[in-house]
>>> print(open('start-v2.cif').read())   # mmCIF, C-alpha atoms and all ligand atoms
data_query
loop_
_atom_site.label_atom_id
_atom_site.label_comp_id
_atom_site.auth_asym_id
_atom_site.auth_seq_id
_atom_site.Cartn_x
_atom_site.Cartn_y
_atom_site.Cartn_z
CA MET A 143 11.89 18.65 14.26
CA ASP A 144 9.83 18.20 11.10
CA SER A 145 9.10 14.66 10.10
CA HIS A 146 11.23 14.62 6.93
CA PRO A 147 14.55 15.65 8.55
CA ARG A 148 13.80 13.19 11.37
CA ARG A 149 13.27 10.38 8.86
CA ARG A 150 16.50 11.24 7.05
CA ASP A 151 18.44 11.21 10.32
CA LYS A 152 17.06 7.77 11.15
CA LEU A 153 18.07 6.61 7.69
CA ARG A 154 21.57 8.05 8.11
CA ARG A 155 22.02 5.84 11.19
CA ALA A 156 20.88 2.78 9.23
CA VAL A 157 23.21 3.62 6.33
CA LYS A 158 26.14 4.06 8.70
CA LYS A 159 25.61 0.51 9.99
CA THR A 160 26.09 -0.83 6.45
CA GLY A 161 29.58 0.70 6.37
CA ALA A 162 28.74 2.85 3.34
CA ASP A 163 29.41 6.60 3.06
CA ALA A 164 26.04 7.34 1.46
CA LEU A 165 22.84 5.77 0.12
CA LEU A 166 21.48 6.51 -3.33
CA VAL A 167 17.68 6.37 -2.95
CA THR A 168 16.29 5.33 -6.33
CA ASN A 169 12.79 4.30 -5.25
CA PHE A 170 10.64 7.37 -5.96
CA THR A 171 8.19 6.58 -3.16
CA ASN A 172 11.10 6.46 -0.73
CA VAL A 173 12.25 9.85 -2.04
CA THR A 174 8.76 11.20 -1.28
CA TYR A 175 8.84 9.72 2.21
CA LEU A 176 12.22 11.27 2.97
CA THR A 177 11.67 14.73 1.44
CA GLY A 178 7.97 15.44 0.83
CA PHE A 179 8.65 15.81 -2.91
CA THR A 180 5.72 14.28 -4.78
CA GLY A 181 7.13 14.20 -8.32
CA ASP A 182 9.07 11.33 -9.85
CA ASP A 183 12.21 10.77 -11.92
CA SER A 184 14.33 12.06 -9.04
CA TYR A 185 16.84 10.37 -6.76
CA LEU A 186 18.07 11.34 -3.31
CA LEU A 187 21.67 10.96 -2.24
CA VAL A 188 21.79 10.66 1.55
CA ARG A 189 25.28 11.29 2.95
CA GLY A 190 26.44 11.32 6.56
CA ASP A 191 26.44 15.12 6.58
CA GLY A 192 23.44 15.98 4.42
CA GLU A 193 21.54 15.05 1.32
CA VAL A 194 20.82 16.23 -2.19
CA VAL A 195 17.90 15.62 -4.54
CA LEU A 196 19.05 14.84 -8.09
CA SER A 197 16.41 15.99 -10.53
CA ASP A 198 15.75 17.80 -13.79
CA PRO A 199 14.39 21.25 -14.77
CA ARG A 200 10.73 20.12 -14.84
CA TYR A 201 10.83 19.96 -11.08
CA THR A 202 12.86 23.01 -10.03
CA THR A 203 9.86 25.00 -8.79
CA GLN A 204 8.04 22.05 -7.28
CA LEU A 205 11.10 20.93 -5.34
CA GLY A 206 11.55 24.41 -3.92
CA GLU A 207 7.94 24.44 -2.76
CA GLU A 208 7.68 20.89 -1.45
CA CYS A 209 11.03 20.41 0.26
CA PRO A 210 12.49 23.72 1.33
CA GLY A 211 15.86 23.31 3.02
CA VAL A 212 16.88 20.24 1.04
CA ASP A 213 19.80 20.71 -1.36
CA ILE A 214 18.75 20.30 -4.96
CA ASP A 215 20.91 19.50 -7.97
CA ILE A 216 19.08 20.12 -11.23
CA ARG A 217 20.98 18.66 -14.15
CA PRO A 218 21.06 20.74 -17.35
CA PRO A 219 18.60 19.93 -20.15
CA GLY A 220 19.95 17.24 -22.48
CA THR A 221 21.94 15.39 -19.81
CA ASN A 222 20.85 12.15 -18.23
CA MET A 223 20.48 11.06 -14.62
CA LEU A 224 23.80 9.20 -14.72
CA LYS A 225 25.62 12.49 -15.14
CA GLY A 226 23.91 13.98 -12.08
CA VAL A 227 24.59 10.86 -10.02
CA GLY A 228 28.26 10.76 -11.03
CA LYS A 229 28.74 14.44 -10.24
CA ALA A 230 27.16 14.17 -6.79
CA ILE A 231 29.20 11.08 -5.88
CA LYS A 232 32.45 12.71 -6.96
CA ALA A 233 31.66 16.03 -5.25
CA ALA A 234 31.04 14.24 -1.94
CA LYS A 235 34.14 12.03 -2.36
CA ILE A 236 32.11 8.90 -1.74
CA GLY A 237 34.13 5.68 -1.72
CA ARG A 238 31.41 3.21 -0.72
CA LEU A 239 27.94 3.81 -2.09
CA ALA A 240 24.94 1.93 -0.72
CA ILE A 241 22.23 1.30 -3.31
CA GLU A 242 18.62 0.20 -2.99
CA ALA A 243 18.99 -3.24 -4.53
CA ASP A 244 15.20 -3.60 -4.89
CA SER A 245 14.87 -0.59 -7.18
CA MET A 246 18.29 0.18 -8.72
CA THR A 247 18.27 -1.14 -12.26
CA VAL A 248 20.97 -3.47 -13.51
CA GLY A 249 21.56 -0.99 -16.33
CA LEU A 250 22.13 2.04 -14.11
CA GLN A 251 24.37 0.11 -11.75
CA ALA A 252 26.52 -1.02 -14.69
CA GLN A 253 26.74 2.56 -15.96
CA ILE A 254 27.74 3.90 -12.55
CA THR A 255 30.41 1.22 -12.19
CA GLU A 256 31.74 1.99 -15.65
CA LYS A 257 31.86 5.72 -14.94
CA LEU A 258 33.34 5.36 -11.44
CA PRO A 259 35.37 2.11 -11.48
CA LYS A 260 36.89 2.71 -8.04
CA LEU A 261 33.51 3.16 -6.36
CA GLU A 262 32.52 0.28 -4.10
CA ILE A 263 28.81 -0.61 -4.33
CA VAL A 264 27.01 -1.87 -1.20
CA PRO A 265 23.63 -3.44 -2.06
CA THR A 266 20.99 -2.89 0.63
CA SER A 267 17.37 -3.92 0.94
CA ALA A 268 14.41 -2.16 2.58
CA LEU A 269 16.36 0.39 4.66
CA VAL A 270 13.73 3.04 3.94
CA GLU A 271 10.83 0.60 3.66
CA GLU A 272 11.50 -0.56 7.21
CA LEU A 273 11.30 3.03 8.47
CA ARG A 274 8.03 3.41 6.56
CA GLU A 275 6.49 0.49 8.48
CA ILE A 276 5.88 2.72 11.51
CA LYS A 277 3.54 5.57 10.72
CA ASP A 278 3.74 8.86 12.60
CA LYS A 279 0.71 10.87 13.71
CA GLY A 280 0.53 12.85 10.48
CA GLU A 281 0.64 9.71 8.37
CA ILE A 282 -2.05 8.02 10.44
CA ALA A 283 -4.28 11.09 10.05
CA ARG A 284 -3.83 10.90 6.28
CA ILE A 285 -4.65 7.19 6.18
CA ARG A 286 -7.78 7.93 8.23
CA GLU A 287 -8.73 10.49 5.60
CA ALA A 288 -8.17 7.97 2.79
CA VAL A 289 -10.43 5.55 4.68
CA ARG A 290 -13.10 8.22 5.10
CA GLN A 291 -13.07 9.04 1.38
CA ALA A 292 -13.29 5.36 0.44
CA GLU A 293 -16.14 4.71 2.85
CA ARG A 294 -18.14 7.75 1.82
CA GLY A 295 -17.75 6.86 -1.85
CA PHE A 296 -18.83 3.30 -1.16
CA GLY A 297 -21.89 4.54 0.76
CA VAL A 298 -23.09 6.50 -2.26
CA LEU A 299 -22.33 3.64 -4.63
CA ARG A 300 -24.27 1.23 -2.47
CA ALA A 301 -27.28 3.51 -2.20
CA ASP A 302 -27.37 3.92 -6.01
CA LEU A 303 -26.53 0.34 -6.98
CA ARG A 304 -28.72 -0.98 -9.80
CA LEU A 305 -28.65 -4.51 -11.13
CA ASP A 306 -28.19 -3.42 -14.75
CA LYS A 307 -24.87 -1.69 -14.02
CA THR A 308 -21.73 -3.43 -15.16
CA GLU A 309 -18.65 -4.16 -13.10
CA LYS A 310 -16.81 -1.47 -15.08
CA GLN A 311 -19.52 1.11 -14.41
CA VAL A 312 -19.54 0.31 -10.72
CA ALA A 313 -15.75 0.64 -10.51
CA ASN A 314 -15.79 3.95 -12.38
CA GLU A 315 -18.61 5.38 -10.28
CA LEU A 316 -16.94 4.35 -7.06
CA GLU A 317 -13.69 6.00 -8.09
CA TYR A 318 -15.55 9.16 -9.13
CA GLN A 319 -17.44 9.27 -5.82
CA MET A 320 -14.20 8.95 -3.84
CA ARG A 321 -12.86 11.94 -5.75
CA LEU A 322 -15.98 13.94 -4.95
CA PHE A 323 -15.20 13.27 -1.30
CA GLY A 324 -11.73 14.73 -1.76
CA ALA A 325 -9.58 11.82 -2.92
CA ARG A 326 -6.86 12.61 -5.44
CA TRP A 327 -7.48 9.30 -7.12
CA ARG A 328 -8.19 5.66 -6.42
CA GLY A 329 -5.62 3.93 -4.22
CA PHE A 330 -5.30 1.12 -6.80
CA ALA A 331 -7.33 -0.30 -9.67
CA SER A 332 -10.70 -1.15 -8.10
CA ILE A 333 -11.79 -4.78 -8.17
CA VAL A 334 -15.46 -5.47 -8.85
CA GLY A 335 -16.31 -9.14 -9.37
CA VAL A 336 -19.84 -10.44 -9.87
CA GLY A 337 -20.54 -14.06 -8.86
CA PRO A 338 -17.94 -16.40 -10.41
CA ARG A 339 -15.64 -13.46 -11.16
CA ALA A 340 -15.29 -12.92 -7.40
CA ALA A 341 -13.24 -16.14 -7.41
CA LEU A 342 -10.43 -14.11 -9.02
CA PRO A 343 -8.70 -12.30 -6.12
CA HIS A 344 -7.60 -9.55 -8.52
CA ALA A 345 -10.51 -9.54 -10.98
CA VAL A 346 -10.41 -6.75 -13.56
CA PRO A 347 -13.88 -5.16 -13.90
CA SER A 348 -15.70 -6.47 -16.99
CA ASP A 349 -19.00 -5.84 -18.79
CA ARG A 350 -20.79 -8.41 -16.63
CA GLN A 351 -23.88 -6.89 -15.00
CA ILE A 352 -24.36 -6.78 -11.25
CA GLY A 353 -27.69 -8.61 -11.52
CA GLN A 354 -26.13 -11.63 -13.28
CA SER A 355 -25.45 -13.26 -9.92
CA ASP A 356 -26.51 -13.08 -6.27
CA PHE A 357 -23.47 -11.21 -5.01
CA VAL A 358 -20.63 -8.93 -5.99
CA LEU A 359 -17.21 -8.49 -4.41
CA VAL A 360 -15.81 -4.94 -4.29
CA ASP A 361 -12.18 -4.25 -3.31
CA TRP A 362 -11.48 -0.53 -3.36
CA GLY A 363 -9.58 2.28 -1.68
CA ALA A 364 -8.71 5.94 -1.99
CA ASP A 365 -5.51 7.91 -2.43
CA GLU A 366 -6.04 11.08 -0.39
CA GLY A 367 -3.06 12.79 -1.99
CA LEU A 368 -0.28 10.46 -0.88
CA TYR A 369 -1.64 7.83 1.50
CA LYS A 370 -3.91 4.93 0.58
CA SER A 371 -6.76 2.88 2.05
CA ASP A 372 -7.75 -0.67 1.07
CA LEU A 373 -11.09 -2.34 1.83
CA THR A 374 -13.13 -5.27 0.56
CA ARG A 375 -16.80 -6.05 1.03
CA VAL A 376 -19.25 -8.44 -0.58
CA LEU A 377 -22.68 -7.03 -1.41
CA VAL A 378 -25.62 -9.41 -1.72
CA THR A 379 -27.90 -8.50 -4.59
CA GLY A 380 -29.95 -11.73 -4.83
CA LYS A 381 -30.75 -14.61 -2.55
CA ILE A 382 -28.37 -15.84 0.13
CA SER A 383 -27.58 -19.45 -0.75
CA ALA A 384 -26.52 -21.89 1.97
CA ARG A 385 -23.07 -21.95 0.39
CA LEU A 386 -22.67 -18.17 0.44
CA LYS A 387 -23.87 -18.05 4.05
CA ARG A 388 -21.40 -20.73 5.14
CA ILE A 389 -18.41 -19.28 3.31
CA TYR A 390 -19.19 -15.74 4.45
CA GLU A 391 -19.42 -16.90 8.08
CA VAL A 392 -16.06 -18.67 7.87
CA VAL A 393 -14.31 -15.65 6.32
CA LEU A 394 -15.83 -13.27 8.86
CA LYS A 395 -14.80 -15.53 11.73
CA ALA A 396 -11.25 -15.85 10.37
CA GLN A 397 -10.96 -12.09 9.99
CA THR A 398 -12.44 -11.33 13.43
CA LYS A 399 -10.11 -13.78 15.21
CA ALA A 400 -7.05 -12.48 13.38
CA ILE A 401 -7.88 -8.83 14.09
CA ASP A 402 -8.53 -9.62 17.77
CA ALA A 403 -4.98 -11.00 18.06
CA ILE A 404 -3.26 -7.91 16.65
CA ARG A 405 -1.05 -6.27 19.26
CA PRO A 406 2.59 -5.23 19.65
CA GLY A 407 4.86 -8.28 19.83
CA ALA A 408 2.59 -10.57 17.79
CA THR A 409 4.22 -11.78 14.59
CA GLY A 410 2.96 -11.50 11.04
CA LYS A 411 3.24 -15.27 10.79
CA GLU A 412 1.12 -15.90 13.91
CA ILE A 413 -1.68 -13.58 12.81
CA ASP A 414 -1.76 -15.17 9.36
CA GLN A 415 -1.91 -18.63 10.96
CA ILE A 416 -4.89 -17.69 13.14
CA ALA A 417 -7.01 -16.88 10.07
CA ARG A 418 -5.61 -19.83 8.12
CA ASP A 419 -6.55 -22.24 10.93
CA VAL A 420 -10.18 -21.06 10.94
CA ILE A 421 -10.44 -21.44 7.17
CA GLY A 422 -8.54 -24.75 7.16
CA LYS A 423 -10.71 -26.29 9.89
CA ALA A 424 -13.81 -25.35 7.91
CA GLY A 425 -12.40 -27.34 4.97
CA PHE A 426 -11.43 -24.41 2.73
CA GLY A 427 -7.68 -24.31 3.34
CA LYS A 428 -6.88 -24.85 -0.34
CA ASN A 429 -9.19 -21.98 -1.30
CA PHE A 430 -7.21 -19.30 0.58
CA GLY A 431 -4.12 -18.90 -1.55
CA HIS A 432 -2.79 -15.47 -0.59
CA GLY A 433 -1.27 -13.94 2.52
CA LEU A 434 -3.58 -12.51 5.17
CA GLY A 435 -2.54 -8.90 4.82
CA HIS A 436 0.01 -6.22 4.15
CA GLY A 437 1.09 -2.81 5.32
CA VAL A 438 -0.61 0.12 3.63
CA GLY A 439 0.63 3.70 3.42
CA LEU A 440 2.33 5.58 0.59
CA ASP A 441 2.12 2.31 -1.35
CA ILE A 442 -0.93 0.10 -1.42
CA HIS A 443 1.26 -2.91 -0.63
CA GLU A 444 4.17 -2.30 1.70
CA LEU A 445 5.83 -3.79 4.76
CA PRO A 446 5.00 -5.47 7.05
CA ARG A 447 3.34 -8.64 5.77
CA LEU A 448 0.88 -10.94 7.48
CA ALA A 449 1.90 -14.21 5.83
CA ALA A 450 3.28 -17.67 6.54
CA ASN A 451 6.79 -16.53 5.56
CA SER A 452 6.62 -13.14 7.31
CA LYS A 453 9.42 -12.24 9.69
CA SER A 454 7.62 -9.12 10.90
CA VAL A 455 6.98 -8.43 14.57
CA LEU A 456 4.11 -6.00 15.03
CA ARG A 457 4.87 -2.62 16.58
CA PRO A 458 2.71 0.40 17.45
CA GLY A 459 2.18 2.66 14.44
CA MET A 460 1.97 -0.11 11.86
CA VAL A 461 -1.12 -0.02 9.63
CA LEU A 462 -2.11 -3.37 8.14
CA THR A 463 -4.85 -4.84 6.05
CA VAL A 464 -6.48 -8.04 7.29
CA GLU A 465 -8.07 -9.76 4.30
CA PRO A 466 -8.86 -13.47 4.45
CA GLY A 467 -10.70 -14.92 1.48
CA ILE A 468 -12.20 -18.14 0.18
CA TYR A 469 -12.24 -18.55 -3.60
CA ILE A 470 -14.13 -21.34 -5.40
CA PRO A 471 -13.45 -21.42 -9.16
CA GLY A 472 -16.70 -21.32 -11.13
CA TRP A 473 -18.79 -20.28 -8.12
CA GLY A 474 -17.27 -17.12 -6.69
CA GLY A 475 -15.40 -15.84 -3.70
CA VAL A 476 -15.72 -13.98 -0.44
CA ARG A 477 -13.04 -11.69 0.97
CA LEU A 478 -13.36 -9.20 3.79
CA GLU A 479 -10.69 -6.56 4.16
CA ASP A 480 -10.19 -3.91 6.83
CA ASP A 481 -7.35 -1.57 7.74
CA VAL A 482 -5.99 -1.93 11.27
CA LEU A 483 -3.63 0.31 13.26
CA VAL A 484 -1.37 -1.37 15.81
CA THR A 485 -1.61 0.68 19.02
CA PRO A 486 0.57 0.51 22.18
CA ARG A 487 -2.03 -1.72 23.89
CA GLY A 488 -3.52 -3.62 20.96
CA HIS A 489 -5.12 -2.30 17.83
CA GLU A 490 -7.71 0.03 16.35
CA VAL A 491 -9.74 -0.90 13.28
CA LEU A 492 -9.67 2.22 11.09
CA THR A 493 -12.39 1.04 8.69
CA GLY A 494 -16.01 0.81 9.73
CA VAL A 495 -18.18 -0.39 6.86
CA ALA A 496 -20.77 -2.81 8.31
CA LYS A 497 -19.94 -6.42 7.51
CA LYS A 498 -22.47 -8.84 9.00
CA LEU A 499 -24.01 -10.83 6.17
CA GLU A 500 -27.39 -9.18 6.74
CA ASP A 501 -25.68 -5.75 6.53
CA SER A 502 -24.43 -6.69 3.06
CA ILE A 503 -27.85 -7.04 1.45
CA VAL A 504 -28.65 -4.25 -1.01
CA GLY A 505 -31.87 -3.38 -2.77
N1 LIG B 601 -6.50 -4.31 -3.29
C1 LIG B 601 -5.53 -5.29 -3.39
C2 LIG B 601 -5.34 -5.95 -2.12
O1 LIG B 601 -6.28 -6.09 -1.38
O2 LIG B 601 -4.27 -6.30 -1.74
MN MN B 602 -7.82 -4.68 -1.33
MN MN B 603 -5.13 -5.43 0.40
#
>>> encode(input="start-v2.cif", output="structure tokens")
Amino acid sequence: MDSHPRRRDKLRRAVKKTGADALLVTNFTNVTYLTGFTGDDSYLLVRGDGEVVLSDPRYTTQLGEECPGVDIDIRPPGTNMLKGVGKAIKAAKIGRLAIEADSMTVGLQAQITEKLPKLEIVPTSALVEELREIKDKGEIARIREAVRQAERGFGVLRADLRLDKTEKQVANELEYQMRLFGARWRGFASIVGVGPRAALPHAVPSDRQIGQSDFVLVDWGADEGLYKSDLTRVLVTGKISARLKRIYEVVLKAQTKAIDAIRPGATGKEIDQIARDVIGKAGFGKNFGHGLGHGVGLDIHELPRLAANSKSVLRPGMVLTVEPGIYIPGWGGVRLEDDVLVTPRGHEVLTGVAKKLEDSIVG
């Protein structure tokens, strides 16, 4: 069976357990996952006996091409989504409707309730997102491709890096290079932080020049068409201070130990703690303020999480980032980020950009 019908059947079983007759999928990425449709502004109503995409005339042709076999309900021009939703719910005689509480808007829910006062609403959370945690072979192949595009682009950027380039120029060139290697687009807004700006975990590229400090942090990834990659490296453009050497060593050790522990059955909390212990023992516990990692796939940040409050248990097919960091305001920061596949016996690191400190020296 194709992957999309298989995913929908798994979802149907999960919806049944909630006691609802159907689930209205309002998260567009979830609609893509369940149907293959890559447009937006469209919902999917998943019933026990089938499903229907609720969309508008802009997407008639695209829906036919991208998800043959799925019922499509195109609402007439000049009508809004509510009308299509109401019609589909009535036609299927749905009494209890599950909704995606994390994406359904308060406004739409109120409108649905007003239009269909007898309809019982069952809020649900992460029914589709939990299916998305485990990647199938096709998804893993696409993530590998997104990694390849990101790494190739980075290789060119690194070879061409000049100290008079600005953070903005570096980010733009990197994104352009990834596209030359086949990426549809960047996986997320690239982070390029020179010296003290590397202390901002989500620094927005500025006009600061690469040569204004001894190092630059680059956090980048590709979108190969649907699936994303997410990497971080620090490039050394000047001298390696004792402080940079120490902090880099601690981050690398934290990342290596955490990756080594990734295997089915380990928890997201345990893996996070392994990295946090290394950084804490080195005296930088307060300088590592974010979780250790996150799932990556159709979204750049998705389940599962590697974090102190994570309830996730790792299973084969999960793809996670592992990204410890130490951030010192006014000085800078070091983060190393790789993408890791959980395999039946342990893990495979999908990313391969060299990361010993001596490998990070450019020029
Ligand atoms: N690129 C954002 C992150 O690493 O989560
Ligand atoms: Mn990243
Ligand atoms: Mn990340």
>>> closest_residue(input="start-v2.cif", among="A:Arg487, A:Lys411, A:Arg328, A:Arg418", to="ligand MN 602 (chain B)", atoms="only C-alpha atoms and all ligand atoms")
A:Arg328
>>> atom_distance(input="start-v2.cif", atom1="atom CA of A:Val358", atom2="atom CA of A:Asp306")
12.8 Å
>>> atom_distance(input="start-v2.cif", atom1="atom CA of A:Val476", atom2="atom CA of A:Phe357")
9.4 Å
>>> residues_near_ligand(input="start-v2.cif", ligand="ligand MN 603 (chain B)", cutoff="10 Å", atoms="all atoms listed in the file", output="PyMOL selection string")
chain A and resi 330+361-363+371-374+433-438+442-444+462-466+478-481
>>> closest_residue(input="start-v2.cif", among="A:Ala403, A:Ile282, A:Val289, A:Leu499", to="A:Arg388", atoms="all atoms listed in the file")
A:Leu499
>>> atom_distance(input="start-v2.cif", atom1="atom CA of A:Val336", atom2="atom CA of A:Ser355")
6.3 Å
>>> residues_around(input="start-v2.cif", residues="A:Val270", least_positions_apart="4", cutoff="10 Å", atoms="only C-alpha atoms", output="PyMOL selection string")
chain A and resi 149-150+152-153+156-157+167+169+171-173+175-176+242+266+274-275
>>> write_last_selection(input="start-v2.cif", atoms="C-alpha atoms", output="CSV table (one decimal), keeping the file's coordinate frame")
chain,number,residue,atom,x,y,z
A,149,ARG,CA,13.3,10.4,8.9
A,150,ARG,CA,16.5,11.2,7.0
A,152,LYS,CA,17.1,7.8,11.2
A,153,LEU,CA,18.1,6.6,7.7
A,156,ALA,CA,20.9,2.8,9.2
A,157,VAL,CA,23.2,3.6,6.3
A,167,VAL,CA,17.7,6.4,-3.0
A,169,ASN,CA,12.8,4.3,-5.2
A,171,THR,CA,8.2,6.6,-3.2
A,172,ASN,CA,11.1,6.5,-0.7
A,173,VAL,CA,12.2,9.8,-2.0
A,175,TYR,CA,8.8,9.7,2.2
A,176,LEU,CA,12.2,11.3,3.0
A,242,GLU,CA,18.6,0.2,-3.0
A,266,THR,CA,21.0,-2.9,0.6
A,274,ARG,CA,8.0,3.4,6.6
A,275,GLU,CA,6.5,0.5,8.5
>>> residues_around(input="start-v2.cif", residues="A:Val455", least_positions_apart="2", cutoff="12 Å", atoms="only C-alpha atoms", output="ChimeraX atom specification")
/A:272,275-276,404-413,445-449,452-453,457-458,460,484
